file input_6.txt (compact mmCIF, C-alpha atoms)
# COMPACT_ATOMS: atom_id res chain seq x y z
CA MET A 27 0.71 -15.54 10.10
CA ALA A 28 4.20 -14.83 11.31
CA GLY A 29 6.76 -17.42 10.29
CA ARG A 30 6.33 -17.30 6.55
CA ILE A 31 9.30 -16.69 4.30
CA LYS A 32 9.32 -16.04 0.57
CA ILE A 33 12.63 -17.22 -0.72
CA ARG A 34 14.33 -17.33 -4.09
CA ALA A 35 17.78 -18.66 -4.94
CA GLN A 36 19.32 -18.10 -8.35
CA LYS A 37 22.70 -19.10 -9.68
CA LYS A 38 24.57 -16.19 -11.22
CA GLY A 39 27.96 -17.34 -12.48
CA GLU A 40 30.03 -18.62 -9.53
CA LEU A 41 27.62 -17.20 -7.01
CA THR A 42 24.18 -18.13 -5.80
CA GLU A 43 22.00 -15.18 -4.98
CA VAL A 44 19.46 -15.74 -2.22
CA LYS A 45 16.61 -13.32 -1.66
CA ALA A 46 14.35 -13.83 1.34
CA LEU A 47 11.37 -11.82 2.48
CA MET A 48 10.15 -12.64 5.99
CA ARG A 49 6.76 -12.04 7.55
CA HIS A 50 7.44 -10.52 10.95
CA PRO A 51 6.19 -7.43 12.83
CA MET A 52 9.67 -6.60 14.25
CA GLU A 53 8.25 -4.62 17.17
CA THR A 54 10.95 -2.71 18.99
CA GLY A 55 9.27 -2.65 22.39
CA MET A 56 9.54 1.12 22.41
CA ARG A 57 6.18 1.91 20.80
CA LYS A 58 2.87 2.53 22.50
CA ASP A 59 -0.52 1.58 21.11
CA GLN A 60 -3.51 3.90 20.69
CA ALA A 61 -4.49 3.33 24.33
CA GLY A 62 -1.02 4.32 25.51
CA GLU A 63 0.02 0.80 26.50
CA SER A 64 3.47 -0.44 25.58
CA ILE A 65 3.56 -2.80 22.63
CA PRO A 66 5.77 -5.74 23.71
CA ALA A 67 9.07 -6.23 21.92
CA HIS A 68 8.80 -8.87 19.23
CA PHE A 69 11.67 -9.15 16.79
CA ILE A 70 13.92 -11.67 15.09
CA THR A 71 17.13 -12.27 17.04
CA GLU A 72 18.84 -14.88 14.90
CA VAL A 73 18.68 -15.62 11.22
CA ALA A 74 20.61 -18.13 9.16
CA VAL A 75 20.90 -19.18 5.54
CA LEU A 76 21.69 -22.85 4.93
CA HIS A 77 22.90 -24.52 1.76
CA GLY A 78 21.96 -28.15 2.36
CA ASP A 79 23.21 -28.72 5.93
CA HIS A 80 25.93 -26.13 5.64
CA THR A 81 25.35 -22.72 7.22
CA VAL A 82 26.52 -20.09 4.75
CA MET A 83 25.38 -17.08 6.74
CA GLN A 84 24.35 -16.44 10.30
CA ALA A 85 23.36 -13.12 11.82
CA HIS A 86 22.15 -11.59 15.05
CA TRP A 87 19.37 -9.17 14.42
CA GLY A 88 17.74 -6.64 16.68
CA ALA A 89 14.94 -4.16 16.97
CA ALA A 90 16.45 -1.82 14.36
CA VAL A 91 15.53 -4.12 11.47
CA SER A 92 12.32 -3.18 9.63
CA ALA A 93 9.00 -4.98 9.74
CA ASN A 94 8.75 -7.77 7.15
CA PRO A 95 12.52 -7.76 6.64
CA PHE A 96 14.21 -8.47 3.34
CA LEU A 97 17.51 -10.33 3.27
CA GLY A 98 19.82 -10.66 0.29
CA VAL A 99 22.87 -12.96 0.42
CA ARG A 100 25.31 -14.36 -2.12
CA PHE A 101 27.44 -17.44 -1.56
CA GLN A 102 29.79 -19.69 -3.52
CA GLY A 103 29.47 -23.38 -4.27
CA GLY A 104 25.76 -23.73 -4.93
CA GLN A 105 24.49 -25.92 -7.78
CA ALA A 106 21.16 -25.74 -9.55
CA GLY A 107 18.71 -28.03 -7.78
CA ASP A 108 20.39 -27.73 -4.35
CA ALA A 109 18.20 -26.93 -1.37
CA VAL A 110 18.53 -23.54 0.31
CA ARG A 111 16.85 -22.80 3.63
CA VAL A 112 16.37 -19.62 5.62
CA VAL A 113 15.54 -19.99 9.32
CA TRP A 114 14.98 -17.50 12.08
CA THR A 115 14.13 -17.35 15.78
CA ASP A 116 12.67 -14.37 17.58
CA ASN A 117 12.83 -13.02 21.13
CA GLN A 118 9.49 -14.63 22.00
CA GLY A 119 10.67 -18.09 21.00
CA GLY A 120 8.91 -18.08 17.64
CA THR A 121 10.57 -19.60 14.60
CA GLY A 122 10.21 -19.31 10.87
CA GLU A 123 11.52 -21.35 8.03
CA GLY A 124 11.47 -21.24 4.26
CA GLU A 125 12.98 -23.54 1.68
CA THR A 126 13.62 -23.42 -2.02
CA THR A 127 15.89 -24.96 -4.64
CA ILE A 128 18.52 -23.12 -6.59
CA ARG A 129 17.56 -22.41 -10.17
CA MET B 1 32.74 56.37 -14.71
CA ARG B 2 34.86 53.32 -15.03
CA ARG B 3 34.08 52.26 -11.56
CA GLN B 4 30.40 52.67 -12.07
CA SER B 5 30.43 50.49 -15.16
CA ASP B 6 32.37 47.78 -13.27
CA ASP B 7 29.73 47.83 -10.61
CA ALA B 8 27.04 47.59 -13.24
CA MET B 9 28.82 44.60 -14.78
CA THR B 10 29.13 42.86 -11.43
CA LEU B 11 25.48 43.43 -10.71
CA TYR B 12 24.57 42.16 -14.17
CA ARG B 13 26.64 39.00 -13.66
CA PHE B 14 25.09 38.47 -10.26
CA VAL B 15 21.57 38.83 -11.59
CA MET B 16 22.32 36.41 -14.41
CA MET B 17 23.51 33.83 -11.91
CA ILE B 18 20.36 33.87 -9.83
CA PRO B 19 18.06 31.93 -12.12
CA ARG B 20 20.61 29.18 -12.61
CA TRP B 21 21.28 28.76 -8.92
CA TRP B 22 17.62 28.97 -8.20
CA LEU B 23 16.87 26.20 -10.68
CA LEU B 24 19.60 24.04 -9.23
CA LEU B 25 18.25 24.45 -5.73
CA MET B 26 14.62 23.93 -6.57
CA VAL B 27 14.56 21.32 -9.29
CA VAL B 28 17.45 19.00 -8.62
CA PRO B 29 16.48 17.85 -5.11
CA ALA B 30 12.92 17.14 -6.22
CA LEU B 31 14.01 15.01 -9.14
CA ALA B 32 16.80 13.30 -7.24
CA ASP B 33 14.55 12.18 -4.41
CA GLU B 34 11.88 10.75 -6.67
CA GLY B 35 14.61 9.00 -8.63
CA ILE B 36 16.01 7.37 -5.52
CA PHE B 37 12.62 6.03 -4.47
CA ASP B 38 11.98 4.69 -7.96
CA GLN B 39 15.36 2.97 -7.80
CA TYR B 40 14.41 1.45 -4.47
CA ARG B 41 11.12 0.21 -5.92
CA ASP B 42 12.99 -1.35 -8.85
CA LEU B 43 15.45 -3.04 -6.51
CA MET B 44 12.63 -4.53 -4.44
CA GLY B 45 11.00 -5.79 -7.64
CA ASP B 46 8.59 -8.58 -6.79
CA ASP B 47 9.63 -8.53 -3.16
CA ASN B 48 6.76 -6.36 -2.00
CA PRO B 49 5.78 -7.58 1.48
CA ALA B 50 2.16 -7.20 0.33
CA ILE B 51 2.52 -10.71 -1.14
CA PHE B 52 2.05 -12.10 2.38
CA VAL B 53 -1.10 -10.04 2.78
CA ILE B 54 -2.44 -11.27 -0.56
CA GLU B 55 -2.02 -14.85 0.64
CA GLU B 56 -3.71 -14.08 3.94
CA GLY B 57 -6.60 -12.43 2.12
CA GLU B 58 -7.17 -15.48 -0.04
CA GLU B 59 -7.20 -17.64 3.08
CA PHE B 60 -9.79 -15.40 4.72
CA TRP B 61 -11.94 -15.66 1.59
CA VAL B 62 -12.25 -19.46 1.91
CA GLN B 63 -12.35 -19.59 5.71
CA SER B 64 -15.65 -20.53 7.38
CA GLN B 65 -16.56 -17.83 9.86
CA GLY B 66 -19.44 -16.31 11.81
CA PRO B 67 -22.68 -17.79 13.18
CA SER B 68 -23.47 -19.27 9.74
CA ALA B 69 -20.04 -20.91 9.54
CA ALA B 70 -19.88 -19.86 5.91
CA THR B 71 -17.06 -18.70 3.65
CA LEU B 72 -17.17 -15.61 1.47
CA GLU B 73 -16.99 -17.69 -1.70
CA ALA B 74 -20.64 -16.98 -2.52
CA CYS B 75 -20.08 -13.22 -2.27
CA ASP B 76 -21.23 -11.29 -5.34
CA LEU B 77 -18.74 -8.52 -6.06
CA GLY B 78 -20.66 -7.34 -9.08
CA LEU B 79 -19.49 -9.83 -11.68
CA GLY B 80 -21.59 -12.73 -10.40
CA THR B 81 -21.50 -15.04 -7.39
CA GLY B 82 -17.96 -15.75 -6.30
CA VAL B 83 -16.25 -14.03 -9.23
CA THR B 84 -13.17 -12.28 -7.89
CA ARG B 85 -11.08 -11.89 -11.03
CA GLY B 86 -11.33 -8.31 -12.27
CA ALA B 87 -14.00 -7.32 -9.73
CA TYR B 88 -11.89 -4.70 -7.91
CA ALA B 89 -11.22 -2.74 -11.13
CA GLN B 90 -14.95 -2.06 -11.53
CA PHE B 91 -15.66 -0.70 -8.05
CA PRO B 92 -17.39 1.41 -6.78
CA ARG B 93 -20.60 0.15 -8.36
CA TYR B 94 -24.36 0.01 -7.88
CA PHE B 95 -25.83 -3.15 -6.34
CA ALA B 96 -29.51 -3.87 -6.85
CA ASP B 97 -29.71 -6.05 -3.72
CA THR B 98 -28.85 -3.13 -1.44
CA ASP B 99 -30.03 -0.38 -3.82
CA ARG B 100 -26.89 1.62 -3.25
CA VAL B 101 -23.45 2.28 -4.66
CA MET B 102 -20.80 0.41 -2.69
CA ASP B 103 -17.05 0.41 -2.59
CA ILE B 104 -15.26 -2.93 -2.25
CA GLU B 105 -14.84 -2.53 1.51
CA THR B 106 -18.53 -1.95 2.25
CA ARG B 107 -19.44 -4.74 -0.16
CA LEU B 108 -17.22 -7.16 1.74
CA LEU B 109 -18.90 -6.13 4.99
CA TYR B 110 -22.28 -6.73 3.38
CA CYS B 111 -21.17 -10.26 2.44
CA MET B 112 -19.79 -10.93 5.92
CA GLU B 113 -23.16 -9.90 7.34
CA THR B 114 -25.45 -11.69 4.89
CA LEU B 115 -23.42 -14.84 4.22
CA GLN B 116 -21.59 -15.37 7.49
CA GLY B 117 -24.10 -13.73 9.85
CA ARG B 118 -21.45 -11.53 11.41
CA ASP B 119 -22.14 -8.18 13.03
CA ARG B 120 -21.35 -5.45 10.54
CA GLU B 121 -20.90 -2.84 13.24
CA VAL B 122 -18.19 -4.83 15.01
CA ILE B 123 -16.08 -5.07 11.85
CA ALA B 124 -16.83 -1.47 10.82
CA ALA B 125 -15.66 -0.28 14.23
CA LYS B 126 -12.10 -1.31 13.41
CA PRO B 127 -11.62 -1.91 9.70
CA TYR B 128 -7.97 -0.83 9.56
CA SER B 129 -4.87 -1.63 11.56
CA LEU B 130 -4.00 0.62 14.46
CA ARG B 131 -0.48 1.08 15.79
CA GLY B 132 0.91 -2.30 16.81
CA ASP B 133 -1.51 -4.29 14.65
CA PHE B 134 -0.21 -6.54 11.91
CA GLY B 135 -3.06 -6.23 9.42
CA THR B 136 -6.82 -6.72 9.63
CA GLU B 137 -9.02 -9.24 7.85
CA LEU B 138 -10.57 -6.49 5.74
CA GLU B 139 -7.17 -5.14 4.69
CA ALA B 140 -6.07 -8.64 3.69
CA LEU B 141 -9.24 -9.36 1.70
CA VAL B 142 -9.07 -6.04 -0.16
CA THR B 143 -5.37 -6.58 -0.94
CA TRP B 144 -6.03 -10.03 -2.35
CA LEU B 145 -8.98 -8.79 -4.40
CA ALA B 146 -6.90 -5.91 -5.78
CA ALA B 147 -4.24 -8.44 -6.79
CA GLU B 148 -7.01 -10.38 -8.56
CA SER B 149 -7.41 -7.30 -10.78
CA GLU B 150 -3.72 -6.64 -11.36
CA GLY B 151 -2.99 -5.59 -14.92
CA MET B 152 -6.66 -5.00 -15.68
CA ILE B 153 -8.27 -1.81 -16.91
CA ILE B 154 -9.92 0.43 -14.32
CA ALA B 155 -13.54 0.43 -15.48
CA PRO B 156 -16.11 1.62 -12.92
CA GLU B 157 -19.62 1.72 -14.33
CA GLN B 158 -21.54 4.96 -14.66
CA ALA B 159 -24.71 3.41 -16.04
CA HIS B 160 -27.04 3.67 -13.06
CA PRO B 161 -28.30 7.13 -11.99
CA LYS B 162 -27.07 6.47 -8.44
CA GLU B 163 -23.55 5.83 -9.78
CA ARG B 164 -23.62 9.14 -11.62
CA ALA B 165 -25.00 10.87 -8.53
CA MET B 166 -22.11 9.42 -6.51
CA TYR B 167 -19.61 10.82 -8.99
CA ALA B 168 -21.27 14.25 -8.84
CA MET B 169 -21.17 14.17 -5.04
CA GLY B 170 -17.53 13.12 -5.08
CA GLU B 171 -16.63 15.95 -7.40
CA GLU B 172 -18.39 18.45 -5.14
CA ILE B 173 -16.62 17.20 -2.02
CA PHE B 174 -13.29 17.16 -3.84
CA PHE B 175 -13.49 20.92 -4.39
CA TYR B 176 -15.31 21.75 -1.15
CA ARG B 177 -13.24 23.90 1.20
CA ALA B 178 -13.81 23.43 4.91
CA GLY B 179 -12.17 22.90 8.26
CA PRO B 180 -9.87 25.13 10.32
CA HIS B 181 -7.43 25.49 7.41
CA ASP B 182 -10.10 25.96 4.74
CA PHE B 183 -8.68 22.97 2.87
CA SER B 184 -10.28 20.97 0.10
CA CYS B 185 -8.94 17.78 -1.49
CA ALA B 186 -8.19 20.01 -4.48
CA THR B 187 -5.87 22.20 -2.41
CA CYS B 188 -3.25 19.46 -2.65
CA HIS B 189 -4.50 17.47 -5.63
CA GLU B 190 -5.49 19.68 -8.53
CA GLN B 191 -2.05 20.78 -9.70
CA SER B 192 0.74 18.73 -11.24
CA ASN B 193 4.37 18.56 -10.10
CA LYS B 194 3.70 19.70 -6.55
CA ARG B 195 4.93 18.06 -3.40
CA ILE B 196 4.62 18.26 0.36
CA ARG B 197 8.14 17.92 1.77
CA LEU B 198 9.38 15.05 -0.40
CA GLN B 199 6.04 13.48 -1.23
CA GLN B 200 5.03 13.97 -4.81
CA LEU B 201 1.31 14.86 -4.91
CA PRO B 202 -0.74 13.35 -7.72
CA ASN B 203 -3.03 15.71 -9.61
CA LEU B 204 -6.33 13.83 -9.28
CA THR B 205 -8.04 15.92 -11.94
CA GLU B 206 -5.55 14.80 -14.57
CA HIS B 207 -6.20 11.39 -16.11
CA THR B 208 -2.67 9.91 -16.23
CA GLU B 209 -1.85 10.94 -12.70
CA VAL B 210 -5.11 9.85 -11.12
CA ALA B 211 -4.90 6.51 -12.94
CA GLU B 212 -1.42 5.92 -11.56
CA ALA B 213 -2.44 6.97 -8.06
CA TYR B 214 -5.79 5.17 -7.89
CA GLY B 215 -4.43 2.04 -9.56
CA SER B 216 -1.59 1.65 -7.04
CA TRP B 217 -3.82 1.35 -3.95
CA PRO B 218 -4.01 -0.73 -1.79
CA ALA B 219 -0.30 -0.31 -1.14
CA TYR B 220 2.34 -1.53 1.28
CA ARG B 221 3.52 1.45 3.31
CA MET B 222 7.09 0.78 4.36
CA SER B 223 7.00 3.44 7.07
CA GLN B 224 4.13 1.54 8.70
CA GLY B 225 4.96 -2.04 7.76
CA LEU B 226 1.34 -2.48 6.67
CA VAL B 227 -0.80 -2.63 3.56
CA ARG B 228 -3.19 0.31 3.50
CA THR B 229 -6.39 0.51 1.47
CA MET B 230 -7.97 3.39 -0.43
CA GLY B 231 -10.56 3.74 2.34
CA TRP B 232 -7.75 4.25 4.85
CA ARG B 233 -5.98 6.67 2.49
CA LEU B 234 -9.08 8.87 2.40
CA GLN B 235 -9.47 8.80 6.18
CA ASP B 236 -5.87 9.92 6.51
CA CYS B 237 -6.40 12.72 3.97
CA PHE B 238 -9.30 13.97 6.09
CA ARG B 239 -7.08 13.88 9.16
CA GLN B 240 -4.37 15.82 7.34
CA GLN B 241 -6.96 18.40 6.26
CA ARG B 242 -8.07 18.71 9.90
CA TRP B 243 -11.55 17.73 8.81
CA PRO B 244 -13.88 15.70 11.04
CA GLY B 245 -13.02 11.99 10.88
CA LEU B 246 -14.23 10.28 7.71
CA ILE B 247 -16.68 7.55 8.69
CA PHE B 248 -15.80 4.13 7.30
CA GLY B 249 -18.17 3.08 4.51
CA SER B 250 -19.92 6.47 4.48
CA GLU B 251 -21.37 8.02 1.33
CA VAL B 252 -18.63 10.67 1.42
CA SER B 253 -15.95 7.98 1.32
CA ILE B 254 -17.65 6.08 -1.51
CA ALA B 255 -18.34 9.31 -3.43
CA LEU B 256 -14.67 10.33 -3.36
CA GLN B 257 -13.62 6.84 -4.44
CA THR B 258 -16.13 7.00 -7.29
CA TYR B 259 -14.80 10.40 -8.33
CA MET B 260 -11.23 9.07 -8.45
CA ALA B 261 -12.11 5.74 -10.06
CA VAL B 262 -14.10 7.35 -12.86
CA ASN B 263 -11.35 9.91 -13.50
CA ALA B 264 -8.90 6.99 -13.59
CA ALA B 265 -11.04 4.87 -15.94
CA GLY B 266 -8.98 3.38 -18.74
CA GLY B 267 -5.86 3.25 -16.56
CA VAL B 268 -4.30 0.00 -15.39
CA MET B 269 -4.52 -1.61 -11.95
CA THR B 270 -0.99 -2.09 -10.59
CA ALA B 271 -1.92 -2.69 -6.95
CA PRO B 272 -0.73 -3.71 -4.47
CA GLY B 273 1.74 -0.84 -4.70
CA LEU B 274 4.87 -0.13 -2.69
CA LYS B 275 5.06 3.26 -1.03
CA ARG B 276 7.40 5.05 1.33
call {"tool": "encode", "arguments": {"input": "input_6.txt", "output": "structure tokens"}}
result
Amino acid sequence: MAGRIKIRAQKKGELTEVKALMRHPMETGMRKDQAGESIPAHFITEVAVLHGDHTVMQAHWGAAVSANPFLGVRFQGGQAGDAVRVVWTDNQGGTGEGETTIR
Amino acid sequence: MRRQSDDAMTLYRFVMMIPRWWLLLMVVPALADEGIFDQYRDLMGDDNPAIFVIEEGEEFWVQSQGPSAATLEACDLGLGTGVTRGAYAQFPRYFADTDRVMDIETRLLYCMETLQGRDREVIAAKPYSLRGDFGTELEALVTWLAAESEGMIIAPEQAHPKERAMYAMGEEIFFYRAGPHDFSCATCHEQSNKRIRLQQLPNLTEHTEVAEAYGSWPAYRMSQGLVRTMGWRLQDCFRQQRWPGLIFGSEVSIALQTYMAVNAAGGVMTAPGLKR
């Protein structure tokens, strides 16, 4: 279930606006479950937005980001029909990827 | 004399200022906070994380499970075998095969038991996510089914005597005061424009407000990172009232849902909603 990304990329004048919603629990590692056991940390550590093969944004994330995080980014140089990808890796080695074309 | 009249004037001015200040303090924060959350909702637009849960629910619907290795596609939600479109908007309803009024959650359990051969008690023991969970099958199915009724008119039937009896029971419980704080549902939900801290409380006896409230569940709760269903919402209300825990799928739960759904009839389903 984790790993899915809903992504939209729309050209607005010079800029391409990318909106990505990621399916991830983003557990901080600080919470305890109903039985009092620690819930293991599980959160995205790296996220990147790629326009074709070119990385237009790269970020280090941590436990402070919400569950099912939403990312909005604008970049220059995109053309309608170009591929845009969002990729992430988490602290447990999991990865997620979503792709769309600019419209 | 002069001095006295000055004092009187000062006092008069002071008294005249009170209502204005009072209004500013009381009204402005309430409006401002609701406005900010509405703005947030508008900004998020279609990016409600519930869309993932809708997808997962649809996958559960067509997934073979249980000893019978069957899917839920033959489940009758009241509109005929396998009809999911618009079904949610007509719950709770009477089913002849079980001779009782069911909400969508108990109906799904019935289908899991009869079609898939799964143990109802096992699923009923943990229908909703606990802390650290990332959604349950039941939550996903209900979310998807609610989305299958999005934009449709809330239209629970009140044709069968048992449906009317459920409504009557729901109404009675709604106004029934009990527990250590002598609370009823009505304590919080029979007046308009009231709030607890910053949470606006819907008046569930008033058609527009109950339609908006009922029609927006199930909803993604940002503070929990989960979609919550109406059944869960009622359990949490009981907890907040310091009442004994509301049993999943119990008559009390279905009665209260019937009471709300019938009061909301004619309103529009907007679920899955997005809440704080």
call {"tool": "residues_around", "arguments": {"input": "input_6.txt", "residues": "region 264-276 of chain B", "least_positions_apart": "4", "cutoff": "8 Å", "atoms": "only C-alpha atoms", "output": "PyMOL selection string"}}
result
chain B and resi 37+41+48+50+89+143+146-147+149-156+207-208+210-212+214-223+260
call {"tool": "residues_near_point", "arguments": {"input": "input_6.txt", "point": "(-17.5, -0.7, 11.4)", "cutoff": "12 Å", "atoms": "only C-alpha atoms", "output": "PyMOL selection string"}}
result
chain B and resi 105-106+108-110+112-113+118-128+138+247-250
call {"tool": "closest_atom_pairs", "arguments": {"input": "input_6.txt", "of": "chain A", "to": "chain B", "cutoff": "8 Å", "atoms": "only C-alpha atoms", "output": "tab-separated table"}}
result
residue	atom	partner	partner_atom	distance
A:Met27	CA	B:Glu56	CA	7.7
A:Arg30	CA	B:Phe52	CA	7.9
A:Leu47	CA	B:Asp47	CA	6.8
A:Arg49	CA	B:Phe52	CA	7.0
A:Pro51	CA	B:Phe134	CA	6.5
A:Glu53	CA	B:Gly132	CA	7.7
A:Arg57	CA	B:Gly132	CA	7.8
A:Lys58	CA	B:Arg131	CA	7.6
A:Asp59	CA	B:Arg131	CA	5.3
A:Gln60	CA	B:Arg131	CA	6.4
A:Ile65	CA	B:Gly132	CA	6.4
A:Ser92	CA	B:Gly225	CA	7.7
A:Ala93	CA	B:Gly225	CA	5.4
A:Asn94	CA	B:Pro49	CA	6.4
A:Phe96	CA	B:Asp47	CA	8.0
call {"tool": "atom_distance", "arguments": {"input": "input_6.txt", "atom1": "CA of Arg228 (chain B)", "atom2": "CA of Tyr88 (chain B)"}}
result
15.2 Å
call {"tool": "atom_distance", "arguments": {"input": "input_6.txt", "atom1": "CA of Ile36 (chain B)", "atom2": "CA of Ser192 (chain B)"}}
result
19.9 Å
call {"tool": "residues_around", "arguments": {"input": "input_6.txt", "residues": "Gly82 (chain B)", "least_positions_apart": "6", "cutoff": "8 Å", "atoms": "only C-alpha atoms", "output": "list in words"}}
result
Leu72, Glu73, Ala74, Cys75 and Asp76 of chain B
call {"tool": "atom_distance", "arguments": {"input": "input_6.txt", "atom1": "CA of Val99 (chain A)", "atom2": "CA of Asp116 (chain A)"}}
result
20.0 Å
call {"tool": "residues_near_point", "arguments": {"input": "input_6.txt", "point": "(14.8, -21.9, -8.1)", "cutoff": "12 Å", "atoms": "all atoms listed in the file", "output": "PyMOL selection string"}}
result
chain A and resi 32-38+42-45+104-111+125-129
call {"tool": "residues_around", "arguments": {"input": "input_6.txt", "residues": "Tyr167 (chain B)", "least_positions_apart": "3", "cutoff": "12 Å", "atoms": "all atoms listed in the file", "output": "compact mmCIF listing (two decimals) with C-alpha atoms, in the coordinates of the input"}}
result
# COMPACT_ATOMS: atom_id res chain seq x y z
CA PRO B 92 -17.39 1.41 -6.78
CA ARG B 93 -20.60 0.15 -8.36
CA TYR B 94 -24.36 0.01 -7.88
CA VAL B 101 -23.45 2.28 -4.66
CA PRO B 156 -16.11 1.62 -12.92
CA GLU B 157 -19.62 1.72 -14.33
CA GLN B 158 -21.54 4.96 -14.66
CA ALA B 159 -24.71 3.41 -16.04
CA HIS B 160 -27.04 3.67 -13.06
CA PRO B 161 -28.30 7.13 -11.99
CA LYS B 162 -27.07 6.47 -8.44
CA GLU B 163 -23.55 5.83 -9.78
CA ARG B 164 -23.62 9.14 -11.62
CA GLY B 170 -17.53 13.12 -5.08
CA GLU B 171 -16.63 15.95 -7.40
CA GLU B 172 -18.39 18.45 -5.14
CA ILE B 173 -16.62 17.20 -2.02
CA PHE B 174 -13.29 17.16 -3.84
CA GLU B 251 -21.37 8.02 1.33
CA VAL B 252 -18.63 10.67 1.42
CA SER B 253 -15.95 7.98 1.32
CA ILE B 254 -17.65 6.08 -1.51
CA ALA B 255 -18.34 9.31 -3.43
CA LEU B 256 -14.67 10.33 -3.36
CA GLN B 257 -13.62 6.84 -4.44
CA THR B 258 -16.13 7.00 -7.29
CA TYR B 259 -14.80 10.40 -8.33
CA MET B 260 -11.23 9.07 -8.45
CA ALA B 261 -12.11 5.74 -10.06
CA VAL B 262 -14.10 7.35 -12.86
CA ASN B 263 -11.35 9.91 -13.50
call {"tool": "closest_residue", "arguments": {"input": "input_6.txt", "among": "A:Ala85, A:Thr54, A:Gly120, A:Ile31", "to": "Pro66 (chain A)", "atoms": "all atoms listed in the file"}}
result
A:Thr54
call {"tool": "residues_around", "arguments": {"input": "input_6.txt", "residues": "Cys188 (chain B)", "least_positions_apart": "3", "cutoff": "8 Å", "atoms": "all atoms listed in the file", "output": "PDB file with C-alpha atoms, in the frame of the given file"}}
result
ATOM      1  CA  SER B 184     -10.280  20.970   0.100  1.00  0.00           C
ATOM      2  CA  CYS B 185      -8.940  17.780  -1.490  1.00  0.00           C
ATOM      3  CA  GLN B 191      -2.050  20.780  -9.700  1.00  0.00           C
ATOM      4  CA  LYS B 194       3.700  19.700  -6.550  1.00  0.00           C
ATOM      5  CA  LEU B 201       1.310  14.860  -4.910  1.00  0.00           C
ATOM      6  CA  ASN B 203      -3.030  15.710  -9.610  1.00  0.00           C
TER       7      ASN B 203
END
call {"tool": "residues_around", "arguments": {"input": "input_6.txt", "residues": "Arg242 (chain B)", "least_positions_apart": "3", "cutoff": "10 Å", "atoms": "only C-alpha atoms", "output": "count of residues only"}}
result
11
